[in-house]
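Shown next: protein.tsv, given as TSV, C-alpha atoms.
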```tsv
chain	number	residue	atom	x	y	z
G	175	MET	CA	18.51	-80.33	3.87
G	176	LYS	CA	18.37	-78.02	6.91
G	177	LYS	CA	20.18	-80.68	8.94
G	178	ILE	CA	22.88	-80.95	6.28
G	179	PHE	CA	23.42	-77.19	6.30
G	180	LEU	CA	23.77	-77.08	10.07
G	181	LEU	CA	26.20	-80.00	10.02
G	182	LEU	CA	28.24	-78.21	7.40
G	183	VAL	CA	28.34	-75.00	9.41
G	184	MET	CA	29.56	-76.95	12.43
G	185	ALA	CA	32.22	-78.71	10.35
G	186	LEU	CA	33.45	-75.51	8.68
G	187	MET	CA	33.48	-73.22	11.64
G	188	GLY	CA	34.12	-75.80	14.31
G	189	GLY	CA	31.49	-74.13	16.47
G	190	VAL	CA	32.70	-70.95	18.15
G	191	ALA	CA	35.26	-72.46	20.52
G	192	LEU	CA	38.95	-71.88	19.85
G	193	ASN	CA	39.83	-75.50	20.58
G	194	ALA	CA	37.56	-76.64	17.72
G	195	GLN	CA	39.05	-78.94	15.10
G	196	ASN	CA	40.31	-77.40	11.87
G	197	GLU	CA	40.80	-78.84	8.40
G	198	GLY	CA	44.50	-79.52	8.90
G	199	ASP	CA	43.76	-81.58	12.01
G	200	MET	CA	40.84	-83.66	10.69
G	201	THR	CA	40.96	-87.39	10.04
G	202	VAL	CA	40.43	-88.77	6.52
G	203	ASN	CA	36.83	-89.72	7.34
G	204	GLN	CA	36.07	-86.30	8.80
G	205	LEU	CA	37.46	-84.59	5.69
G	206	LYS	CA	35.40	-86.86	3.44
G	207	GLN	CA	32.29	-85.91	5.41
G	208	VAL	CA	33.00	-82.18	5.00
G	209	VAL	CA	33.39	-82.65	1.22
G	210	LYS	CA	30.16	-84.65	0.97
G	211	GLU	CA	28.21	-82.09	3.00
G	212	ARG	CA	29.56	-79.27	0.81
G	213	LYS	CA	28.26	-81.10	-2.27
G	214	GLU	CA	24.84	-81.60	-0.68
G	215	LEU	CA	24.60	-77.93	0.23
G	216	ALA	CA	25.47	-76.93	-3.35
G	217	LYS	CA	22.37	-78.81	-4.54
G	218	MET	CA	20.10	-76.27	-2.86
G	219	SER	CA	18.76	-73.41	-4.94
G	220	LYS	CA	20.70	-70.15	-4.83
G	221	LYS	CA	17.74	-68.43	-3.20
G	222	GLN	CA	17.52	-71.10	-0.48
G	223	ILE	CA	21.24	-70.92	0.22
G	224	GLU	CA	21.35	-67.12	0.39
G	225	SER	CA	18.32	-66.95	2.66
G	226	LYS	CA	19.67	-69.56	5.03
G	227	VAL	CA	23.22	-68.22	5.00
G	228	LEU	CA	22.19	-64.63	5.77
G	229	LYS	CA	20.02	-65.75	8.66
G	230	ASP	CA	22.57	-68.10	10.21
G	231	ALA	CA	25.50	-65.73	9.67
G	232	LYS	CA	23.73	-63.05	11.71
G	233	LYS	CA	23.01	-65.54	14.50
G	234	GLN	CA	26.60	-66.80	14.50
G	235	ALA	CA	27.94	-63.23	14.54
G	236	LYS	CA	25.89	-62.44	17.65
G	237	VAL	CA	27.29	-65.48	19.44
G	238	LEU	CA	30.85	-64.57	18.45
G	239	LYS	CA	30.40	-60.97	19.63
G	240	LYS	CA	29.20	-62.21	23.02
G	241	GLU	CA	32.36	-64.28	23.25
G	242	GLY	CA	34.44	-61.17	22.63
G	243	TRP	CA	35.28	-61.59	18.95
G	244	LYS	CA	35.75	-58.45	16.84
G	245	PRO	CA	36.56	-57.91	13.16
G	246	SER	CA	40.21	-57.04	12.62
G	247	VAL	CA	40.92	-53.41	11.74
G	248	GLY	CA	39.90	-52.54	8.19
G	249	THR	CA	37.82	-55.71	7.64
G	250	LEU	CA	34.10	-56.32	7.18
G	251	PRO	CA	31.66	-56.82	10.09
G	252	LEU	CA	31.51	-60.39	11.42
G	253	ASP	CA	28.14	-61.25	9.83
G	254	LYS	CA	29.42	-60.10	6.41
G	255	GLN	CA	32.58	-62.18	6.77
G	256	LEU	CA	30.63	-65.28	7.78
G	257	THR	CA	28.13	-64.79	4.95
G	258	GLU	CA	30.92	-64.64	2.37
G	259	PHE	CA	32.60	-67.72	3.80
G	260	TYR	CA	29.40	-69.79	3.73
G	261	LEU	CA	28.37	-68.61	0.25
G	262	ARG	CA	31.73	-69.50	-1.24
G	263	ARG	CA	31.57	-72.96	0.28
G	264	ALA	CA	28.16	-73.50	-1.30
G	265	GLU	CA	29.12	-72.38	-4.85
G	266	PRO	CA	28.03	-75.10	-7.32
G	267	SER	CA	30.81	-76.56	-9.45
G	268	VAL	CA	31.87	-79.50	-11.60
G	269	GLY	CA	35.00	-81.27	-10.40
G	270	LEU	CA	36.86	-79.19	-7.83
G	271	PRO	CA	34.86	-76.56	-5.93
G	272	LYS	CA	34.97	-73.01	-7.27
G	273	TYR	CA	36.69	-71.98	-4.04
G	274	LEU	CA	38.68	-74.01	-1.53
G	275	LEU	CA	38.38	-72.70	2.00
G	276	SER	CA	40.16	-73.28	5.27
G	277	GLN	CA	40.04	-71.60	8.67
G	278	ASN	CA	42.25	-71.75	11.72
G	279	GLN	CA	43.01	-69.96	14.96
G	280	SER	CA	46.06	-69.10	17.01
G	281	SER	CA	46.80	-67.39	20.32
G	282	SER	CA	49.72	-65.23	21.47
G	283	THR	CA	50.54	-62.18	23.55
G	284	SER	CA	51.16	-60.46	20.21
G	285	TYR	CA	48.37	-59.91	17.69
G	286	THR	CA	50.84	-59.96	14.79
G	287	THR	CA	52.36	-63.27	15.89
G	288	ALA	CA	48.96	-64.88	16.44
G	289	ARG	CA	47.67	-63.72	13.07
G	290	LYS	CA	50.70	-64.99	11.16
G	291	ALA	CA	50.39	-68.37	12.86
G	292	ALA	CA	46.64	-68.60	12.18
G	293	GLU	CA	47.12	-67.75	8.51
G	294	MET	CA	49.96	-70.25	8.14
G	295	ARG	CA	47.84	-73.02	9.69
G	296	ALA	CA	44.94	-72.12	7.42
G	297	ARG	CA	47.26	-72.48	4.41
G	298	VAL	CA	48.20	-75.95	5.64
G	299	GLY	CA	44.48	-76.68	5.86
G	300	LEU	CA	44.01	-75.61	2.23
G	301	GLY	CA	46.57	-78.17	1.13
G	302	THR	CA	44.78	-80.81	3.16
G	303	MET	CA	41.42	-79.90	1.60
G	304	MET	CA	42.92	-80.04	-1.91
G	305	GLY	CA	43.98	-83.62	-1.27
G	306	ALA	CA	40.62	-84.51	0.28
G	307	GLU	CA	38.71	-83.11	-2.70
G	308	VAL	CA	40.86	-85.07	-5.18
G	309	ALA	CA	40.52	-88.32	-3.22
G	310	GLU	CA	36.77	-87.91	-2.93
G	311	LEU	CA	36.37	-87.12	-6.63
G	312	ALA	CA	38.40	-90.21	-7.54
G	313	GLU	CA	36.20	-92.33	-5.29
G	314	ASP	CA	32.82	-90.91	-6.33
G	315	SER	CA	33.29	-89.98	-10.00
G	316	GLY	CA	36.27	-92.04	-11.13
G	317	ASN	CA	34.14	-94.29	-13.35
G	318	ASP	CA	32.96	-91.27	-15.34
G	319	VAL	CA	36.49	-90.57	-16.61
G	320	GLY	CA	37.72	-94.17	-16.82
G	321	LEU	CA	39.59	-94.37	-13.53
G	322	GLY	CA	40.01	-98.04	-12.67
G	323	GLN	CA	40.67	-99.42	-9.20
G	324	ASN	CA	44.44	-99.31	-9.73
G	325	ASP	CA	44.20	-95.66	-10.82
G	326	ARG	CA	42.18	-94.79	-7.75
G	327	GLU	CA	44.69	-96.50	-5.51
G	328	ALA	CA	47.47	-94.55	-7.24
G	329	VAL	CA	45.61	-91.26	-6.70
G	330	ARG	CA	44.94	-91.99	-3.02
G	331	LYS	CA	48.55	-93.01	-2.43
G	332	PHE	CA	49.91	-89.97	-4.24
G	333	VAL	CA	47.61	-87.62	-2.30
G	334	ASP	CA	48.76	-89.13	1.00
G	335	GLU	CA	52.42	-88.82	0.04
G	336	SER	CA	52.18	-85.34	-1.50
G	337	LYS	CA	50.41	-83.25	1.15
G	338	GLN	CA	53.47	-81.10	1.71
G	339	VAL	CA	53.95	-80.59	-2.04
G	340	MET	CA	50.35	-79.39	-2.39
G	341	GLN	CA	50.68	-77.07	0.61
G	342	GLN	CA	53.85	-75.52	-0.79
G	343	SER	CA	52.30	-75.07	-4.24
G	344	ILE	CA	49.50	-72.83	-2.98
G	345	GLY	CA	49.81	-69.34	-4.41
G	346	ARG	CA	47.99	-66.15	-3.55
G	347	THR	CA	45.04	-66.62	-1.22
G	348	GLU	CA	42.26	-64.28	-0.13
G	349	VAL	CA	41.48	-63.64	3.52
G	350	ILE	CA	37.72	-63.70	4.05
G	351	LEU	CA	37.59	-64.38	7.79
G	352	ASP	CA	39.68	-62.07	9.96
G	353	MET	CA	38.74	-61.57	13.62
G	354	TYR	CA	40.31	-61.42	17.05
G	355	ARG	CA	39.57	-61.25	20.76
G	356	GLU	CA	41.59	-60.55	23.91
G	357	VAL	CA	41.41	-63.01	26.79
G	358	ASN	CA	43.56	-62.93	29.95
G	359	GLY	CA	46.41	-61.05	28.33
G	360	GLN	CA	46.35	-63.24	25.23
G	361	THR	CA	45.12	-62.32	21.77
G	362	ASP	CA	43.20	-64.98	19.88
G	363	VAL	CA	43.10	-64.54	16.11
G	364	TRP	CA	40.82	-66.40	13.71
G	365	VAL	CA	41.64	-66.41	9.98
G	366	GLY	CA	39.76	-68.00	7.09
G	367	LEU	CA	41.33	-68.28	3.62
G	368	SER	CA	39.83	-68.72	0.17
G	369	TYR	CA	41.78	-70.18	-2.76
G	370	ASP	CA	40.65	-70.07	-6.37
G	371	GLY	CA	39.58	-73.51	-7.63
G	372	LYS	CA	41.20	-72.99	-11.05
G	373	ARG	CA	44.55	-72.29	-9.43
G	374	ALA	CA	44.11	-75.32	-7.19
G	375	ARG	CA	43.41	-77.46	-10.27
G	376	ALA	CA	46.65	-76.27	-11.90
G	377	ASP	CA	48.57	-76.93	-8.66
G	378	ILE	CA	47.22	-80.47	-8.42
G	379	LEU	CA	47.99	-81.32	-12.05
G	380	LYS	CA	51.50	-79.96	-11.61
G	381	ALA	CA	51.98	-82.16	-8.54
G	382	PHE	CA	51.06	-85.17	-10.71
G	383	GLU	CA	53.40	-84.13	-13.55
G	384	ASN	CA	55.67	-87.17	-13.12
G	385	GLU	CA	52.80	-89.65	-13.30
G	386	SER	CA	51.75	-91.42	-16.52
G	387	ALA	CA	50.18	-89.38	-19.31
G	388	GLU	CA	47.11	-91.59	-19.18
G	389	LEU	CA	46.54	-91.00	-15.47
G	390	LYS	CA	47.13	-87.25	-15.84
G	391	GLY	CA	44.59	-87.11	-18.66
G	392	LYS	CA	41.95	-88.87	-16.60
G	393	LEU	CA	42.70	-86.69	-13.59
G	394	SER	CA	42.40	-83.56	-15.71
G	395	LYS	CA	38.89	-84.58	-16.77
G	396	LEU	CA	38.01	-85.50	-13.19
G	397	LEU	CA	38.98	-82.10	-11.84
G	398	GLY	CA	36.79	-80.28	-14.37
G	399	GLU	CA	37.61	-77.34	-16.60
```
Show how you would write the structure in this file as structure tokens.
Amino acid sequence: MKKIFLLLVMALMGGVALNAQNEGDMTVNQLKQVVKERKELAKMSKKQIESKVLKDAKKQAKVLKKEGWKPSVGTLPLDKQLTEFYLRRAEPSVGLPKYLLSQNQSSSTSYTTARKAAEMRARVGLGTMMGAEVAELAEDSGNDVGLGQNDREAVRKFVDESKQVMQQSIGRTEVILDMYREVNGQTDVWVGLSYDGKRARADILKAFENESAELKGKLSKLLGE
């Protein structure tokens, strides 16, 4: 389980390098792996998760500080931000996760420009994760709600064709990672977003509104209440 947690941390945070891969840039297989590792982490007890998260968040914060990262003005210290991000990822849930999360970075001579770009890319990543979660649920739990092979194919195809629709449907998000550093006249900004799972569920069902009533009913059960 320790190995799974460390793999998840690496997948979510992409290490501490700015050229690390983010959700919006991952391949289908990489996204599936992130979803599976999130589910494995959620199986740990709350006490185990909190203990491990607090310890690793402090270690990660020290590394980030050495690399010049600082919390943006008016935000929580780095270890608190990281702790919240990890804990939300590990929240147990049925169907979609309680929170969908995405993080991304951007660089510019202007802090404002870099931050806007990082947040926009993170929103794109949220749409990508929504699709990945739906596809993985259809693959792993489709039998439980009566999804046949044709239904699963329809879901996978729709998810692939509707990424932009899902990205545009995302409403109000919460910023839970917000840090920056200055390097050689450039400002690097790192933003992590959290999106409520219930809202994501409504967005997904709305995206499928033109599909058959039978498929929508099965998908509704699959996504959980």
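With all atoms listed in the file as the atoms that count, the minimum distance from G:Thr286 to the choices G:Glu327, G:Asp362, G:Glu258, G:Asp334 is reached by G:Asp362.
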Next item on the list: Can you work out which one of G:Ser386, G:Gln342, G:Ser284, G:Gln222 has the shortest atom-to-atom distance to G:Ala264, counting only C-alpha atoms?
Entry: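 Once distances to G:Ala264 are computed over only C-alpha atoms, the minimum belongs to G:Gln222.
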Notebook entry, point to check: Distance atom CA of G:Lys395-atom CA of G:Lys210, one decimal place?
Noted result: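 Atom-to-atom, atom CA of G:Lys395 and atom CA of G:Lys210 are spaced 19.8 Å apart.
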Notebook entry, point to check: With all atoms listed in the file as the atoms that count, which of G:Leu300, G:Ala312, G:Val329, G:Val227 lies nearest to G:Thr257?
Noted result: G:Val227
Item checked: G:Leu397 environment, 8 Å, only C-alpha atoms, sequence neighbours closer than 5 positions dropped, as a ChimeraX atom specification -> /G:268-270,308,311,375
Would you pull stretch 336-349 of chain G out of the block just shown and save all heavy atoms as a PDB file, in the first residue's frame?
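Below you can see part38.pdb, which holds the result:
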```
ATOM      1  N   SER G 336     -16.340  13.904 -26.715  1.00  0.00           N
ATOM      2  CA  SER G 336     -16.985  14.991 -25.968  1.00  0.00           C
ATOM      3  C   SER G 336     -16.075  15.653 -24.933  1.00  0.00           C
ATOM      4  O   SER G 336     -16.570  16.282 -23.989  1.00  0.00           O
ATOM      5  CB  SER G 336     -18.249  14.467 -25.275  1.00  0.00           C
ATOM      6  OG  SER G 336     -19.106  13.863 -26.210  1.00  0.00           O
ATOM      7  N   LYS G 337     -14.768  15.525 -25.092  1.00  0.00           N
ATOM      8  CA  LYS G 337     -13.851  16.121 -24.120  1.00  0.00           C
ATOM      9  C   LYS G 337     -14.052  17.623 -24.007  1.00  0.00           C
ATOM     10  O   LYS G 337     -14.076  18.186 -22.915  1.00  0.00           O
ATOM     11  CB  LYS G 337     -12.405  15.812 -24.508  1.00  0.00           C
ATOM     12  CG  LYS G 337     -12.022  14.351 -24.321  1.00  0.00           C
ATOM     13  CD  LYS G 337     -10.576  14.108 -24.719  1.00  0.00           C
ATOM     14  CE  LYS G 337     -10.211  12.632 -24.525  1.00  0.00           C
ATOM     15  NZ  LYS G 337      -8.816  12.348 -24.950  1.00  0.00           N
ATOM     16  N   GLN G 338     -14.204  18.280 -25.152  1.00  0.00           N
ATOM     17  CA  GLN G 338     -14.378  19.731 -25.127  1.00  0.00           C
ATOM     18  C   GLN G 338     -15.692  20.123 -24.460  1.00  0.00           C
ATOM     19  O   GLN G 338     -15.756  21.113 -23.721  1.00  0.00           O
ATOM     20  CB  GLN G 338     -14.329  20.293 -26.549  1.00  0.00           C
ATOM     21  CG  GLN G 338     -14.291  21.817 -26.581  1.00  0.00           C
ATOM     22  CD  GLN G 338     -14.064  22.367 -27.974  1.00  0.00           C
ATOM     23  OE1 GLN G 338     -13.976  21.618 -28.932  1.00  0.00           O
ATOM     24  NE2 GLN G 338     -13.958  23.679 -28.088  1.00  0.00           N
ATOM     25  N   VAL G 339     -16.738  19.338 -24.706  1.00  0.00           N
ATOM     26  CA  VAL G 339     -18.040  19.609 -24.091  1.00  0.00           C
ATOM     27  C   VAL G 339     -17.928  19.530 -22.579  1.00  0.00           C
ATOM     28  O   VAL G 339     -18.454  20.388 -21.848  1.00  0.00           O
ATOM     29  CB  VAL G 339     -19.110  18.609 -24.588  1.00  0.00           C
ATOM     30  CG1 VAL G 339     -20.419  18.806 -23.824  1.00  0.00           C
ATOM     31  CG2 VAL G 339     -19.332  18.783 -26.081  1.00  0.00           C
ATOM     32  N   MET G 340     -17.246  18.506 -22.089  1.00  0.00           N
ATOM     33  CA  MET G 340     -17.086  18.333 -20.638  1.00  0.00           C
ATOM     34  C   MET G 340     -16.259  19.464 -20.046  1.00  0.00           C
ATOM     35  O   MET G 340     -16.560  19.975 -18.967  1.00  0.00           O
ATOM     36  CB  MET G 340     -16.438  16.983 -20.344  1.00  0.00           C
ATOM     37  CG  MET G 340     -17.356  15.797 -20.613  1.00  0.00           C
ATOM     38  SD  MET G 340     -16.667  14.245 -20.008  1.00  0.00           S
ATOM     39  CE  MET G 340     -17.885  13.081 -20.626  1.00  0.00           C
ATOM     40  N   GLN G 341     -15.198  19.869 -20.741  1.00  0.00           N
ATOM     41  CA  GLN G 341     -14.356  20.960 -20.258  1.00  0.00           C
ATOM     42  C   GLN G 341     -15.146  22.250 -20.159  1.00  0.00           C
ATOM     43  O   GLN G 341     -15.028  23.000 -19.186  1.00  0.00           O
ATOM     44  CB  GLN G 341     -13.151  21.129 -21.185  1.00  0.00           C
ATOM     45  CG  GLN G 341     -12.147  19.996 -21.116  1.00  0.00           C
ATOM     46  CD  GLN G 341     -11.185  19.984 -22.285  1.00  0.00           C
ATOM     47  OE1 GLN G 341     -11.153  20.916 -23.089  1.00  0.00           O
ATOM     48  NE2 GLN G 341     -10.391  18.933 -22.400  1.00  0.00           N
ATOM     49  N   GLN G 342     -15.989  22.512 -21.154  1.00  0.00           N
ATOM     50  CA  GLN G 342     -16.765  23.751 -21.169  1.00  0.00           C
ATOM     51  C   GLN G 342     -17.899  23.742 -20.149  1.00  0.00           C
ATOM     52  O   GLN G 342     -18.386  24.798 -19.749  1.00  0.00           O
ATOM     53  CB  GLN G 342     -17.332  23.986 -22.577  1.00  0.00           C
ATOM     54  CG  GLN G 342     -16.264  24.294 -23.615  1.00  0.00           C
ATOM     55  CD  GLN G 342     -16.817  24.384 -25.026  1.00  0.00           C
ATOM     56  OE1 GLN G 342     -17.935  23.954 -25.294  1.00  0.00           O
ATOM     57  NE2 GLN G 342     -16.037  24.947 -25.931  1.00  0.00           N
ATOM     58  N   SER G 343     -18.321  22.548 -19.735  1.00  0.00           N
ATOM     59  CA  SER G 343     -19.443  22.449 -18.795  1.00  0.00           C
ATOM     60  C   SER G 343     -19.022  22.680 -17.351  1.00  0.00           C
ATOM     61  O   SER G 343     -19.867  22.889 -16.482  1.00  0.00           O
ATOM     62  CB  SER G 343     -20.095  21.065 -18.911  1.00  0.00           C
ATOM     63  OG  SER G 343     -19.241  20.056 -18.381  1.00  0.00           O
ATOM     64  N   ILE G 344     -17.729  22.648 -17.093  1.00  0.00           N
ATOM     65  CA  ILE G 344     -17.242  22.781 -15.717  1.00  0.00           C
ATOM     66  C   ILE G 344     -17.599  24.150 -15.150  1.00  0.00           C
ATOM     67  O   ILE G 344     -17.332  25.189 -15.747  1.00  0.00           O
ATOM     68  CB  ILE G 344     -15.713  22.571 -15.660  1.00  0.00           C
ATOM     69  CG1 ILE G 344     -15.375  21.128 -16.036  1.00  0.00           C
ATOM     70  CG2 ILE G 344     -15.172  22.898 -14.270  1.00  0.00           C
ATOM     71  CD1 ILE G 344     -13.900  20.867 -16.194  1.00  0.00           C
ATOM     72  N   GLY G 345     -18.220  24.132 -13.979  1.00  0.00           N
ATOM     73  CA  GLY G 345     -18.632  25.371 -13.333  1.00  0.00           C
ATOM     74  C   GLY G 345     -17.571  25.898 -12.368  1.00  0.00           C
ATOM     75  O   GLY G 345     -16.378  25.868 -12.658  1.00  0.00           O
ATOM     76  N   ARG G 346     -18.035  26.330 -11.228  1.00  0.00           N
ATOM     77  CA  ARG G 346     -17.135  26.943 -10.245  1.00  0.00           C
ATOM     78  C   ARG G 346     -16.199  25.912  -9.638  1.00  0.00           C
ATOM     79  O   ARG G 346     -16.630  24.864  -9.163  1.00  0.00           O
ATOM     80  CB  ARG G 346     -17.963  27.598  -9.141  1.00  0.00           C
ATOM     81  CG  ARG G 346     -17.127  28.319  -8.101  1.00  0.00           C
ATOM     82  CD  ARG G 346     -18.020  28.942  -7.044  1.00  0.00           C
ATOM     83  NE  ARG G 346     -17.249  29.612  -6.010  1.00  0.00           N
ATOM     84  CZ  ARG G 346     -17.775  30.195  -4.938  1.00  0.00           C
ATOM     85  NH1 ARG G 346     -19.085  30.182  -4.785  1.00  0.00           N
ATOM     86  NH2 ARG G 346     -17.011  30.779  -4.045  1.00  0.00           N
ATOM     87  N   THR G 347     -14.931  26.207  -9.660  1.00  0.00           N
ATOM     88  CA  THR G 347     -13.919  25.327  -9.072  1.00  0.00           C
ATOM     89  C   THR G 347     -13.299  26.002  -7.844  1.00  0.00           C
ATOM     90  O   THR G 347     -13.471  27.195  -7.623  1.00  0.00           O
ATOM     91  CB  THR G 347     -12.804  25.014 -10.082  1.00  0.00           C
ATOM     92  OG1 THR G 347     -12.184  26.245 -10.499  1.00  0.00           O
ATOM     93  CG2 THR G 347     -13.359  24.284 -11.301  1.00  0.00           C
ATOM     94  N   GLU G 348     -12.571  25.205  -7.081  1.00  0.00           N
ATOM     95  CA  GLU G 348     -11.889  25.714  -5.891  1.00  0.00           C
ATOM     96  C   GLU G 348     -10.385  25.532  -6.064  1.00  0.00           C
ATOM     97  O   GLU G 348      -9.921  24.445  -6.404  1.00  0.00           O
ATOM     98  CB  GLU G 348     -12.371  24.953  -4.660  1.00  0.00           C
ATOM     99  CG  GLU G 348     -11.804  25.476  -3.356  1.00  0.00           C
ATOM    100  CD  GLU G 348     -12.329  24.704  -2.157  1.00  0.00           C
ATOM    101  OE1 GLU G 348     -13.163  23.803  -2.338  1.00  0.00           O
ATOM    102  OE2 GLU G 348     -11.881  25.003  -1.031  1.00  0.00           O
ATOM    103  N   VAL G 349      -9.644  26.594  -5.853  1.00  0.00           N
ATOM    104  CA  VAL G 349      -8.188  26.525  -5.960  1.00  0.00           C
ATOM    105  C   VAL G 349      -7.630  26.017  -4.633  1.00  0.00           C
ATOM    106  O   VAL G 349      -7.821  26.639  -3.600  1.00  0.00           O
ATOM    107  CB  VAL G 349      -7.579  27.905  -6.283  1.00  0.00           C
ATOM    108  CG1 VAL G 349      -6.052  27.810  -6.333  1.00  0.00           C
ATOM    109  CG2 VAL G 349      -8.120  28.440  -7.598  1.00  0.00           C
TER     110      VAL G 349
END
```
